[in-house]
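A.B. asks: Below you'll find entry11.txt; it's compact mmCIF, C-alpha atoms and all ligand atoms.
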```txt
# COMPACT_ATOMS: atom_id res chain seq x y z
CA MET A 1 0.00 0.00 0.00
CA ALA A 2 2.82 2.38 0.92
CA ASP A 3 4.10 2.50 -2.65
CA SER A 4 0.83 2.45 -4.59
CA LEU A 5 0.10 5.24 -7.05
CA LEU A 6 -2.09 8.04 -5.76
CA ASN A 7 -4.76 10.30 -7.14
CA VAL A 8 -3.97 13.62 -5.48
CA LEU A 9 -5.92 16.82 -4.86
CA VAL A 10 -4.33 20.16 -3.97
CA ILE A 11 -6.81 22.60 -2.39
CA GLY A 12 -6.24 26.31 -3.09
CA GLY A 13 -5.53 28.47 -6.09
CA GLY A 14 -2.54 30.72 -5.39
CA GLY A 15 1.18 30.73 -5.98
CA ARG A 16 1.81 28.42 -3.05
CA GLU A 17 -0.59 25.86 -4.49
CA HIS A 18 0.96 26.17 -7.96
CA ALA A 19 4.36 25.48 -6.36
CA ILE A 20 3.01 22.48 -4.40
CA ALA A 21 1.23 21.12 -7.48
CA THR A 22 4.37 21.52 -9.58
CA SER A 23 6.44 19.49 -7.10
CA VAL A 24 3.71 16.85 -6.76
CA SER A 25 3.38 16.61 -10.55
CA ASN A 26 6.99 15.38 -10.69
CA SER A 27 6.40 12.55 -8.22
CA PRO A 28 6.75 8.96 -9.45
CA ARG A 29 3.93 8.09 -7.01
CA LEU A 30 1.39 10.32 -8.75
CA LYS A 31 -1.45 8.78 -10.77
CA GLU A 32 -3.64 11.81 -11.47
CA LEU A 33 -3.42 15.37 -10.11
CA PHE A 34 -6.38 17.65 -9.36
CA CYS A 35 -6.41 21.23 -8.08
CA LEU A 36 -9.36 22.97 -6.45
CA PRO A 37 -10.03 25.55 -7.65
CA GLY A 38 -6.47 25.81 -9.03
CA ASN A 39 -5.51 28.55 -11.49
CA PRO A 40 -4.37 28.86 -15.12
CA GLY A 41 -0.87 27.78 -14.03
CA THR A 42 -2.04 24.58 -12.37
CA ALA A 43 -4.30 23.90 -15.37
CA LEU A 44 -1.11 23.13 -17.34
CA ILE A 45 -0.17 20.25 -15.00
CA ALA A 46 -3.45 19.17 -13.37
CA THR A 47 -7.21 19.01 -13.79
CA ASN A 48 -8.76 22.04 -12.11
CA LEU A 49 -12.03 21.45 -10.27
CA ASP A 50 -14.27 24.49 -10.22
CA ILE A 51 -15.28 24.20 -6.56
CA ASP A 52 -14.93 26.75 -3.77
CA ALA A 53 -12.10 25.78 -1.39
CA ASN A 54 -14.41 26.57 1.55
CA ASN A 55 -17.28 24.32 0.43
CA HIS A 56 -16.41 21.19 2.39
CA ASP A 57 -19.49 19.21 1.29
CA ALA A 58 -18.69 19.75 -2.38
CA ILE A 59 -15.01 18.92 -1.81
CA VAL A 60 -15.79 15.64 -0.04
CA ALA A 61 -18.23 14.71 -2.83
CA ALA A 62 -15.59 15.45 -5.51
CA VAL A 63 -12.93 13.46 -3.66
CA LYS A 64 -15.22 10.45 -3.54
CA ALA A 65 -16.37 10.82 -7.15
CA LYS A 66 -12.82 11.17 -8.53
CA GLN A 67 -11.45 8.48 -6.22
CA ILE A 68 -8.86 10.84 -4.82
CA ASP A 69 -6.53 9.04 -2.42
CA PHE A 70 -4.79 11.99 -0.85
CA THR A 71 -5.64 15.68 -0.39
CA ILE A 72 -3.17 18.47 0.40
CA VAL A 73 -4.61 21.70 1.84
CA GLY A 74 -2.83 24.93 0.87
CA PRO A 75 -4.67 27.84 2.54
CA GLU A 76 -5.54 28.40 6.19
CA ALA A 77 -9.28 29.08 5.84
CA PRO A 78 -10.40 25.48 5.16
CA LEU A 79 -8.02 24.21 7.87
CA CYS A 80 -9.33 26.65 10.47
CA ALA A 81 -12.88 25.72 9.44
CA GLY A 82 -12.19 22.02 10.15
CA ILE A 83 -11.73 20.39 6.75
CA VAL A 84 -9.26 17.88 8.18
CA ASP A 85 -11.69 16.78 10.89
CA ARG A 86 -14.37 16.38 8.23
CA PHE A 87 -12.11 14.24 5.99
CA GLU A 88 -11.15 12.06 8.94
CA GLU A 89 -14.82 11.49 9.82
CA GLU A 90 -15.29 10.36 6.22
CA GLY A 91 -12.23 8.06 6.39
CA LEU A 92 -10.36 10.15 3.76
CA CYS A 93 -6.62 10.85 3.83
CA ILE A 94 -5.60 14.52 4.07
CA PHE A 95 -2.51 16.60 4.85
CA GLY A 96 -2.98 19.38 7.41
CA PRO A 97 -3.77 20.02 11.07
CA SER A 98 -7.16 19.57 12.72
CA LYS A 99 -9.39 22.53 13.47
CA SER A 100 -8.28 22.69 17.09
CA ALA A 101 -4.56 22.58 16.17
CA ALA A 102 -5.09 25.19 13.43
CA ARG A 103 -6.10 27.68 16.16
CA LEU A 104 -2.36 28.38 16.40
CA GLU A 105 -2.94 30.49 13.29
CA GLY A 106 -6.67 31.16 13.34
CA ASP A 107 -6.69 32.69 16.81
CA LYS A 108 -3.67 34.81 17.69
CA ALA A 109 -5.00 35.23 21.25
CA PHE A 110 -5.03 31.44 21.68
CA ALA A 111 -1.48 31.22 20.27
CA LYS A 112 -0.26 33.95 22.61
CA LYS A 113 -1.76 32.30 25.69
CA LEU A 114 -0.32 28.94 24.69
CA MET A 115 3.15 30.45 24.18
CA SER A 116 2.98 32.19 27.51
CA GLN A 117 2.02 28.97 29.33
CA ALA A 118 4.66 26.94 27.48
CA LEU A 119 7.35 29.62 28.06
CA VAL A 120 7.94 30.01 24.32
CA PRO A 121 9.86 33.24 23.60
CA THR A 122 7.61 35.79 21.89
CA ALA A 123 6.79 39.49 22.07
CA GLU A 124 5.19 40.52 25.35
CA ALA A 125 1.50 40.94 24.69
CA ARG A 126 -1.90 41.76 26.11
CA ILE A 127 -5.20 40.52 24.71
CA PHE A 128 -8.36 42.64 24.62
CA ASP A 129 -11.94 42.08 23.59
CA LYS A 130 -13.13 45.52 24.71
CA LEU A 131 -12.04 48.60 22.77
CA GLU A 132 -11.93 50.87 25.84
CA ARG A 133 -9.67 48.48 27.78
CA ALA A 134 -7.29 48.26 24.81
CA LYS A 135 -7.14 52.07 24.55
CA GLU A 136 -6.53 52.46 28.28
CA TYR A 137 -3.65 49.99 28.09
CA ILE A 138 -2.09 51.63 25.03
CA ALA A 139 -2.27 55.01 26.76
CA THR A 140 0.06 53.66 29.46
CA ARG A 141 2.72 52.60 26.92
CA ASP A 142 5.49 54.82 25.66
CA THR A 143 7.22 52.39 23.29
CA ALA A 144 6.44 51.13 19.80
CA GLN A 145 3.53 48.69 19.73
CA VAL A 146 2.11 46.25 17.22
CA VAL A 147 -1.67 45.87 17.05
CA LYS A 148 -3.06 42.64 15.59
CA ALA A 149 -6.54 41.44 14.75
CA ALA A 150 -6.75 38.07 16.54
CA GLY A 151 -8.63 36.30 13.73
CA LEU A 152 -7.74 35.50 10.11
CA ALA A 153 -7.07 38.59 7.97
CA ALA A 154 -5.09 37.30 4.96
CA GLY A 155 -1.78 38.43 6.44
CA LYS A 156 -2.96 42.05 6.56
CA GLY A 157 -4.40 42.34 10.07
CA VAL A 158 -1.19 43.58 11.68
CA ILE A 159 -0.42 47.27 12.17
CA ILE A 160 3.03 48.32 13.31
CA CYS A 161 2.98 51.54 15.29
CA ASP A 162 6.02 53.64 16.11
CA GLU A 163 4.08 55.98 18.39
CA PRO A 164 1.34 55.26 20.97
CA TYR A 165 -1.15 57.53 19.12
CA GLU A 166 -0.74 55.31 16.04
CA ALA A 167 -1.59 52.28 18.17
CA LEU A 168 -4.74 54.07 19.36
CA LEU A 169 -5.73 54.69 15.74
CA ALA A 170 -4.91 51.07 14.85
CA VAL A 171 -7.05 49.60 17.59
CA GLU A 172 -9.85 51.97 16.59
CA GLN A 173 -9.56 50.73 12.96
CA ILE A 174 -9.39 47.05 13.85
CA MET A 175 -11.84 46.87 16.76
CA GLY A 176 -14.01 49.93 16.35
CA LYS A 177 -14.36 50.12 12.56
CA ARG A 178 -13.81 46.37 12.03
CA GLN A 179 -11.47 46.98 9.10
CA PHE A 180 -10.80 43.22 9.00
CA GLY A 181 -14.35 42.18 9.92
CA ASP A 182 -14.88 39.81 12.82
CA ALA A 183 -11.15 39.01 12.86
CA GLY A 184 -10.97 42.24 14.88
CA GLN A 185 -13.38 41.21 17.63
CA THR A 186 -10.34 40.52 19.79
CA VAL A 187 -7.00 42.31 19.44
CA VAL A 188 -3.49 41.47 20.54
CA VAL A 189 -1.35 44.49 21.48
CA GLU A 190 2.31 43.60 21.73
CA GLU A 191 5.76 45.10 22.02
CA ARG A 192 7.52 45.80 18.76
CA LEU A 193 10.51 43.55 18.27
CA LYS A 194 13.60 44.40 16.24
CA GLY A 195 15.85 42.18 14.17
CA PRO A 196 15.98 40.15 10.98
CA GLU A 197 12.94 38.01 10.25
CA ILE A 198 13.01 34.37 9.20
CA SER A 199 10.40 31.79 8.31
CA VAL A 200 10.88 28.21 9.47
CA LEU A 201 8.70 25.41 8.14
CA ALA A 202 8.53 22.01 9.79
CA LEU A 203 6.66 18.86 8.83
CA ILE A 204 5.17 17.37 11.98
CA ASP A 205 3.43 14.11 12.76
CA ASP A 206 2.68 12.39 16.05
CA ARG A 207 6.31 11.45 16.69
CA THR A 208 8.58 13.41 14.38
CA ILE A 209 9.56 17.00 13.63
CA CYS A 210 11.25 17.47 10.29
CA VAL A 211 12.52 21.04 9.88
CA LEU A 212 12.65 22.14 6.24
CA GLU A 213 15.03 24.65 4.67
CA THR A 214 14.41 28.20 5.88
CA ALA A 215 13.29 31.27 3.98
CA GLN A 216 13.17 35.00 4.34
CA ASP A 217 9.96 36.76 3.40
CA TYR A 218 9.77 40.40 2.27
CA LYS A 219 6.52 41.57 3.88
CA ARG A 220 6.53 45.28 3.17
CA LEU A 221 5.30 46.60 -0.13
CA GLY A 222 8.25 48.83 -0.96
CA ASP A 223 12.00 48.60 -1.35
CA ASN A 224 14.00 48.96 1.88
CA ASP A 225 11.00 47.62 3.82
CA ASP A 226 9.01 50.74 3.26
CA GLY A 227 5.22 50.93 3.01
CA PRO A 228 2.40 48.75 4.30
CA ASN A 229 2.55 45.06 5.18
CA THR A 230 1.43 42.70 2.44
CA GLY A 231 0.95 38.95 2.13
CA GLY A 232 4.62 38.89 1.01
CA MET A 233 6.38 40.55 -1.94
CA GLY A 234 9.22 38.07 -2.35
CA ALA A 235 11.29 35.42 -0.65
CA VAL A 236 14.76 33.96 -0.53
CA SER A 237 15.67 30.43 0.54
CA PRO A 238 17.67 29.65 2.56
CA SER A 239 17.67 32.64 4.90
CA PRO A 240 21.21 34.01 5.22
CA HIS A 241 20.69 34.46 8.97
CA VAL A 242 20.31 30.84 10.00
CA SER A 243 22.87 28.31 11.21
CA ASP A 244 22.31 24.67 12.19
CA GLU A 245 22.77 25.67 15.84
CA LEU A 246 20.06 28.30 15.56
CA LEU A 247 17.66 25.80 13.98
CA GLU A 248 18.35 23.37 16.84
CA ARG A 249 17.60 26.13 19.29
CA ILE A 250 14.35 27.04 17.50
CA GLN A 251 13.31 23.40 17.57
CA HIS A 252 14.03 23.00 21.30
CA GLU A 253 12.95 26.39 22.62
CA ILE A 254 9.98 26.97 20.34
CA ILE A 255 8.62 24.08 18.28
CA ILE A 256 8.76 21.30 20.89
CA PRO A 257 7.27 23.34 23.77
CA THR A 258 4.53 24.62 21.45
CA LEU A 259 3.58 21.10 20.39
CA ASP A 260 3.67 19.99 24.04
CA GLY A 261 1.42 22.93 24.94
CA LEU A 262 -1.03 21.86 22.22
CA ARG A 263 -0.96 18.29 23.55
CA ARG A 264 -1.94 19.63 26.97
CA GLU A 265 -4.93 21.21 25.19
CA GLY A 266 -5.76 17.75 23.87
CA CYS A 267 -4.58 18.15 20.28
CA VAL A 268 -1.84 16.59 18.24
CA TYR A 269 -0.41 18.67 15.40
CA ARG A 270 -0.08 16.98 12.04
CA GLY A 271 0.93 18.84 8.90
CA VAL A 272 3.28 21.72 8.23
CA LEU A 273 3.87 24.30 10.95
CA TYR A 274 5.11 27.69 9.85
CA VAL A 275 6.98 29.65 12.49
CA GLY A 276 7.55 33.34 11.73
CA LEU A 277 10.44 34.53 13.88
CA MET A 278 12.38 37.64 14.66
CA LEU A 279 16.03 37.17 15.57
CA THR A 280 16.27 39.69 18.40
CA ALA A 281 19.30 40.56 20.50
CA ALA A 282 17.77 38.29 23.18
CA GLY A 283 17.41 35.34 20.78
CA PRO A 284 14.73 34.11 18.38
CA LYS A 285 11.17 35.15 19.26
CA VAL A 286 7.92 34.06 17.64
CA LEU A 287 5.97 36.63 15.61
CA GLU A 288 3.31 34.23 14.44
CA PHE A 289 2.42 30.65 13.72
CA ASN A 290 0.74 29.54 10.54
CA CYS A 291 -0.85 26.14 10.13
CA ARG A 292 0.13 25.74 6.46
CA PHE A 293 2.92 26.44 4.00
CA GLY A 294 3.92 30.11 3.80
CA ASP A 295 3.30 32.13 0.69
CA PRO A 296 5.55 33.24 -1.05
CA GLU A 297 8.14 31.27 1.00
CA THR A 298 6.92 27.98 -0.49
CA GLN A 299 7.65 29.35 -3.97
CA ALA A 300 11.31 29.69 -2.93
CA VAL A 301 11.65 26.58 -0.74
CA LEU A 302 10.02 23.90 -2.91
CA PRO A 303 12.11 24.44 -6.07
CA ARG A 304 15.11 23.48 -3.88
CA LEU A 305 13.55 20.22 -2.68
CA LYS A 306 15.14 17.21 -4.36
CA SER A 307 13.13 14.60 -2.46
CA ASP A 308 9.62 13.58 -3.48
CA LEU A 309 7.19 16.12 -1.96
CA LEU A 310 4.18 13.86 -2.44
CA GLU A 311 5.92 11.01 -0.63
CA LEU A 312 6.92 13.34 2.23
CA LEU A 313 3.48 14.87 2.73
CA HIS A 314 1.78 11.49 2.48
CA ALA A 315 4.22 10.04 5.03
CA CYS A 316 3.43 12.98 7.32
CA ALA A 317 -0.33 12.48 7.00
CA CYS A 318 0.06 8.74 7.68
CA GLY A 319 2.35 9.22 10.71
CA ARG A 320 5.38 7.76 8.88
CA LEU A 321 7.66 10.83 8.90
CA GLU A 322 10.16 9.03 11.14
CA ASP A 323 11.62 7.21 8.12
CA ALA A 324 11.70 10.24 5.83
CA GLU A 325 14.97 11.60 4.50
CA ILE A 326 14.99 14.97 2.86
CA GLU A 327 17.50 16.08 0.26
CA TRP A 328 17.95 19.68 -0.81
CA ASP A 329 19.49 21.45 -3.76
CA HIS A 330 22.25 23.68 -2.36
CA GLN A 331 21.48 26.47 -4.79
CA ILE A 332 19.79 29.66 -3.58
CA ALA A 333 16.23 30.40 -4.67
CA VAL A 334 14.93 33.94 -5.10
CA CYS A 335 11.22 34.61 -5.64
CA VAL A 336 10.00 38.03 -6.80
CA VAL A 337 6.27 38.69 -6.56
CA MET A 338 4.70 40.73 -9.37
CA ALA A 339 1.64 42.50 -7.99
CA SER A 340 -1.13 44.75 -9.29
CA GLY A 341 -0.52 48.48 -8.77
CA GLY A 342 -2.45 49.59 -5.67
CA TYR A 343 -2.07 46.29 -3.78
CA PRO A 344 -2.48 45.76 -0.79
CA GLY A 345 -5.12 48.50 -1.13
CA LYS A 346 -7.49 48.85 -4.08
CA TYR A 347 -6.31 47.70 -7.50
CA MET A 348 -7.68 46.91 -10.95
CA ILE A 349 -7.80 43.42 -12.42
CA GLY A 350 -8.32 42.04 -15.91
CA HIS A 351 -5.13 43.39 -17.49
CA SER A 352 -3.61 41.08 -20.09
CA ILE A 353 -0.26 39.57 -19.14
CA ASP A 354 2.36 39.45 -21.88
CA GLY A 355 5.50 37.35 -22.04
CA LEU A 356 4.32 34.30 -20.08
CA ASN A 357 5.50 32.04 -22.89
CA SER A 358 9.00 33.50 -23.07
CA ASP A 359 12.00 31.21 -22.88
CA PHE A 360 12.87 31.54 -19.18
CA GLY A 361 15.43 28.72 -18.96
CA ASP A 362 15.53 25.67 -16.68
CA ASP A 363 16.34 27.59 -13.51
CA VAL A 364 13.21 29.72 -13.55
CA ARG A 365 9.66 28.90 -12.43
CA ILE A 366 6.72 31.18 -13.05
CA TYR A 367 4.03 30.51 -10.46
CA HIS A 368 0.54 31.87 -11.03
CA ALA A 369 -0.93 33.47 -7.91
CA ALA A 370 -3.94 35.43 -9.22
CA THR A 371 -4.52 35.03 -12.94
CA GLN A 372 -7.47 34.15 -15.12
CA SER A 373 -7.43 32.49 -18.50
CA HIS A 374 -9.26 33.86 -21.56
CA PRO A 375 -7.52 31.82 -24.26
CA PRO A 376 -5.21 32.78 -25.78
CA ILE A 377 -4.85 35.59 -23.22
CA THR A 378 -4.02 35.31 -19.52
CA ARG A 379 -5.20 38.22 -17.40
CA THR A 380 -4.53 39.54 -13.91
CA ALA A 381 -7.11 38.46 -11.34
CA GLY A 382 -5.94 39.72 -7.95
CA GLY A 383 -3.34 41.56 -5.88
CA ARG A 384 -0.36 39.25 -6.02
CA VAL A 385 -0.40 38.07 -9.64
CA LEU A 386 2.73 35.98 -10.21
CA GLY A 387 5.69 34.62 -8.28
CA VAL A 388 8.87 34.49 -10.37
CA THR A 389 11.46 32.17 -8.84
CA ALA A 390 15.01 31.53 -10.02
CA LEU A 391 17.74 29.23 -8.74
CA GLY A 392 21.40 30.24 -8.76
CA LYS A 393 24.70 29.21 -7.23
CA ASP A 394 24.52 32.25 -4.95
CA ALA A 395 22.03 34.98 -4.07
CA SER A 396 23.42 37.35 -6.66
CA GLU A 397 23.09 34.86 -9.54
CA ALA A 398 19.59 33.78 -8.47
CA ARG A 399 18.54 37.41 -8.09
CA THR A 400 19.87 38.36 -11.51
CA LYS A 401 18.04 35.46 -13.15
CA ALA A 402 14.79 36.20 -11.29
CA TYR A 403 14.79 39.87 -12.34
CA GLU A 404 15.70 38.95 -15.94
CA ALA A 405 12.61 36.74 -15.98
CA VAL A 406 10.48 39.49 -14.39
CA GLY A 407 11.70 41.80 -17.18
CA LYS A 408 10.20 39.45 -19.80
CA ILE A 409 6.69 39.70 -18.31
CA GLN A 410 4.50 42.76 -18.63
CA PHE A 411 1.06 43.78 -17.50
CA LYS A 412 -0.45 47.20 -16.92
CA SER A 413 0.42 48.69 -13.53
CA ALA A 414 2.68 45.74 -12.61
CA THR A 415 4.61 46.48 -9.47
CA PHE A 416 7.36 44.58 -7.67
CA ARG A 417 10.16 45.18 -5.22
CA THR A 418 13.56 45.66 -6.82
CA ASP A 419 15.56 44.72 -3.73
CA ILE A 420 14.68 41.06 -3.18
CA ALA A 421 17.93 39.28 -2.19
CA ALA A 422 19.93 42.48 -2.65
CA ASN A 423 22.96 42.97 -0.38
CA MET A 424 23.23 39.35 0.70
P1 LIG A 501 2.12 38.40 11.74
O1 LIG A 501 0.98 38.19 10.78
O2 LIG A 501 1.73 38.33 13.17
O3 LIG A 501 3.35 37.61 11.41
O4 LIG A 501 2.65 39.86 11.43
C1 LIG A 501 2.97 40.26 10.11
C2 LIG A 501 4.30 40.96 10.11
O5 LIG A 501 4.26 42.07 11.01
C3 LIG A 501 5.47 40.12 10.60
O6 LIG A 501 5.99 39.33 9.59
C4 LIG A 501 6.43 41.20 11.04
O7 LIG A 501 7.11 41.75 9.95
C5 LIG A 501 5.52 42.22 11.63
N1 LIG A 501 5.36 41.99 13.08
C6 LIG A 501 4.44 41.22 13.70
N2 LIG A 501 4.60 41.24 15.03
C7 LIG A 501 5.65 42.05 15.27
C8 LIG A 501 6.30 42.48 16.46
N3 LIG A 501 5.92 42.10 17.67
N4 LIG A 501 7.37 43.32 16.32
C9 LIG A 501 7.76 43.72 15.09
N5 LIG A 501 7.19 43.38 13.95
C10 LIG A 501 6.13 42.53 14.02
N1 LIG A 502 4.43 34.81 3.97
C1 LIG A 502 3.72 34.80 5.16
C2 LIG A 502 2.55 33.91 5.19
O1 LIG A 502 2.43 32.99 4.42
O2 LIG A 502 1.71 34.13 6.04
```
Can I see the file as structure tokens?
C.D. replies:
Amino acid sequence: MADSLLNVLVIGGGGREHAIATSVSNSPRLKELFCLPGNPGTALIATNLDIDANNHDAIVAAVKAKQIDFTIVGPEAPLCAGIVDRFEEEGLCIFGPSKSAARLEGDKAFAKKLMSQALVPTAEARIFDKLERAKEYIATRDTAQVVKAAGLAAGKGVIICDEPYEALLAVEQIMGKRQFGDAGQTVVVEERLKGPEISVLALIDDRTICVLETAQDYKRLGDNDDGPNTGGMGAVSPSPHVSDELLERIQHEIIIPTLDGLRREGCVYRGVLYVGLMLTAAGPKVLEFNCRFGDPETQAVLPRLKSDLLELLHACACGRLEDAEIEWDHQIAVCVVMASGGYPGKYMIGHSIDGLNSDFGDDVRIYHAATQSHPPITRTAGGRVLGVTALGKDASEARTKAYEAVGKIQFKSATFRTDIAANM
């Protein structure tokens, strides 16, 4: 059974899912690949199923009808809404954490309390579900604060405030005006940390933690980390700031105590855990947990994976990670996100994208994040449109190749950072 061929479904339709589907499509264990809803990029390597990723009934019905053996969940929303629990009730095999374990991402207040109980290093924080209490607290602070909507807000529910009055405005926006909807019912107000940021991904089953290669995300919209936070404007893997010793430390001081804390809550984590960290003068501290692969980090990490991704994720879902060995390409990967002008605020969609069929060479991958197909034209369909990843022997070579590829693609109002992997 362990080596039988598998019909596989990837849930989601962004750049991360295109990267996952691309790796899975190269697996010798793959029979047939489906993506749901997928995108014009995944359509080239899989059958796209036109079903909403949040419609669990329709997904379960499709999995049964297509005799899908294994499902991989990309985005957080279906995980936080309990798709894994539903699949398990139906006796279907799926990769991802249960609803209760996914609270590590879906409820920042829960994650903060768990870290505090488990003595996991993180920014000092207070949690509020009343606007007035939050304002009173902020008024007593004289240092930079970060205000976060506790619920899911597509990576945008975090406001970094240099001055206390900015934190008052932020809490007013998030809690009072509900800028991020019900995600802002509860807020976390925490100290602002300083230092380089890294993203660590680990595959986790009941017995084993398998830390993957690291990445650095570029969260701010503009060069030199200027402008608002976004879902991520680029990534480099591996992060230049990480040594084996540091990864050991992160595993022992952060990942293991967090998983133990979850166990005390009665849940076992299975799937990929994303740990967003700041390397402060006092050591690594957690900024956030995500219960799924990071985006765009995955678009930089997976092209470096030499082992079979499908085999690894299936082993993780079946509790067989213990035997897994992971091999990496030692090249550096640089991913540059091409976004629609105006993102992360308002932007136009529907612009035709030129140059997608250029000769990019073997070291370049073009991942679709938000595109729509109107044959023979592909058009923009969202904020982050494409992820352009290149591999090179060092950061400079990978960066040069990535920006050469970006230069071959055009769409109206395209915007991207020009400093991804610069000065490394
Ligand atoms: P989060 O979604 O919680 O990871 O926050 C998004 C981004 O905001 C992070 O990747 C950091 O760049 C920044 N951030 C979050 N929390 C803090 C903090 N306590 N201090 C400084 N920056 C932060
Ligand atoms: N790149 C950050 C995230 O996936 O949330």
A.B. asks: Per residue of segment 112-224 of chain A within 12 Å of segment 335-345 of chain A, record the nearest atom pair and its distance in Å to one decimal, counting only C-alpha atoms, with rows in chain order and ascending residue number, as a tab-separated table.
C.D. replies:
```
residue	atom	partner	partner_atom	distance
A:Ala154	CA	A:Pro344	CA	10.6
A:Gly155	CA	A:Pro344	CA	10.3
A:Lys156	CA	A:Pro344	CA	8.2
A:Gly157	CA	A:Pro344	CA	11.5
A:Ala215	CA	A:Cys335	CA	10.4
A:Gln216	CA	A:Cys335	CA	10.2
A:Asp217	CA	A:Cys335	CA	9.4
A:Tyr218	CA	A:Val336	CA	9.4
A:Lys219	CA	A:Val337	CA	10.8
A:Arg220	CA	A:Pro344	CA	9.9
A:Leu221	CA	A:Pro344	CA	7.9
A:Gly222	CA	A:Tyr343	CA	11.0
```
A.B. asks: Starting from 3 Å padding per side, set up an axis-aligned box that covers all listed atoms of ligand LIG 501 (chain A) and hand over centre and edge lengths in Å, one decimal, as JSON.
C.D. replies:
```
{"center_x": 4.4, "center_y": 40.7, "center_z": 13.6, "size_x": 12.8, "size_y": 12.1, "size_z": 14.1}
```
A.B. asks: Write out as a ChimeraX atom specification the residues lying within 12 Å of segment 205-208 of chain A, counting only C-alpha atoms and excluding same-chain residues fewer than 4 positions away.
C.D. replies: /A:95-98,251,255-256,259-260,262-263,267-273,312-325
A.B. asks: Taking all atoms listed in the file and a cut-off of 10 Å, can you tell me which residues surround ligand LIG 501 (chain A), written as a ChimeraX atom specification?
C.D. replies: /A:105,108,122-125,144-150,152-161,188-199,216-220,225,228-232,275-278,280,285-290
A.B. asks: Using all atoms listed in the file for the distances, tell me which of A:Glu327, A:Pro376, A:Ile20, A:Pro284 is nearest to Ser352 of chain A.
C.D. replies: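 Checking each candidate against Ser352 of chain A, we get A:Pro376 as the closest.
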A.B. asks: Tell me, as a PyMOL selection string, which residues lie within 10 Å of Ser25 of chain A, counting only C-alpha atoms; anything in the same chain fewer than 3 positions away does not count.
C.D. replies: chain A and resi 8+19-22+28-34+42+45-46+308-310
A.B. asks: So, with all atoms listed in the file as the atoms that count, which of A:Asp363, A:Glu76, A:Asp50, A:Glu166 lies closest to Tyr274 of chain A?
C.D. replies: A:Glu76
A.B. asks: Just how far from atom CA of Val242 of chain A is atom CA of His368 of chain A, in Å to one decimal?
C.D. replies: 28.9 Å
A.B. asks: Tell me, in Å to one decimal, how far atom CA of Ile349 of chain A is from atom CA of Thr380 of chain A.
C.D. replies: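 It comes out at 5.3 Å.
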A.B. asks: Using only C-alpha atoms, determine which residues lie at most 10 Å from Glu253 of chain A, disregarding the query and same-chain residues fewer than 6 positions distant; provide the list as a list in words.
C.D. replies: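 With the cut-off at 10 Å, the set is Ala118, Leu119, Val120, Pro121, Leu247, Pro284 and Lys285 of chain A.
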A.B. asks: Could you tell me, as a short mmCIF file (atom, residue, chain, number, x, y, z; two decimals) with C-alpha atoms, in the coordinates of the input, which residues have any atom at most 12 Å from (11.8, 24.0, 1.0), counting only C-alpha atoms?
C.D. replies:
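Output saved as out-v5.cif:
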```cif
data_model
loop_
_atom_site.label_atom_id
_atom_site.label_comp_id
_atom_site.auth_asym_id
_atom_site.auth_seq_id
_atom_site.Cartn_x
_atom_site.Cartn_y
_atom_site.Cartn_z
CA ARG A 16 1.81 28.42 -3.05
CA ALA A 19 4.36 25.48 -6.36
CA ILE A 20 3.01 22.48 -4.40
CA SER A 23 6.44 19.49 -7.10
CA SER A 199 10.40 31.79 8.31
CA VAL A 200 10.88 28.21 9.47
CA LEU A 201 8.70 25.41 8.14
CA ALA A 202 8.53 22.01 9.79
CA LEU A 203 6.66 18.86 8.83
CA CYS A 210 11.25 17.47 10.29
CA VAL A 211 12.52 21.04 9.88
CA LEU A 212 12.65 22.14 6.24
CA GLU A 213 15.03 24.65 4.67
CA THR A 214 14.41 28.20 5.88
CA ALA A 215 13.29 31.27 3.98
CA GLN A 216 13.17 35.00 4.34
CA ALA A 235 11.29 35.42 -0.65
CA VAL A 236 14.76 33.96 -0.53
CA SER A 237 15.67 30.43 0.54
CA PRO A 238 17.67 29.65 2.56
CA SER A 239 17.67 32.64 4.90
CA VAL A 272 3.28 21.72 8.23
CA TYR A 274 5.11 27.69 9.85
CA PHE A 293 2.92 26.44 4.00
CA GLY A 294 3.92 30.11 3.80
CA ASP A 295 3.30 32.13 0.69
CA PRO A 296 5.55 33.24 -1.05
CA GLU A 297 8.14 31.27 1.00
CA THR A 298 6.92 27.98 -0.49
CA GLN A 299 7.65 29.35 -3.97
CA ALA A 300 11.31 29.69 -2.93
CA VAL A 301 11.65 26.58 -0.74
CA LEU A 302 10.02 23.90 -2.91
CA PRO A 303 12.11 24.44 -6.07
CA ARG A 304 15.11 23.48 -3.88
CA LEU A 305 13.55 20.22 -2.68
CA LYS A 306 15.14 17.21 -4.36
CA SER A 307 13.13 14.60 -2.46
CA ASP A 308 9.62 13.58 -3.48
CA LEU A 309 7.19 16.12 -1.96
CA LEU A 312 6.92 13.34 2.23
CA ILE A 326 14.99 14.97 2.86
CA GLU A 327 17.50 16.08 0.26
CA TRP A 328 17.95 19.68 -0.81
CA ASP A 329 19.49 21.45 -3.76
CA HIS A 330 22.25 23.68 -2.36
CA GLN A 331 21.48 26.47 -4.79
CA ILE A 332 19.79 29.66 -3.58
CA ALA A 333 16.23 30.40 -4.67
#
```
A.B. asks: Take atom CA of Ile174 of chain A and atom CA of Gln117 of chain A and report the distance between them in Å, one decimal.
C.D. replies: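 Atom CA of Ile174 of chain A sits 26.4 Å away from atom CA of Gln117 of chain A.
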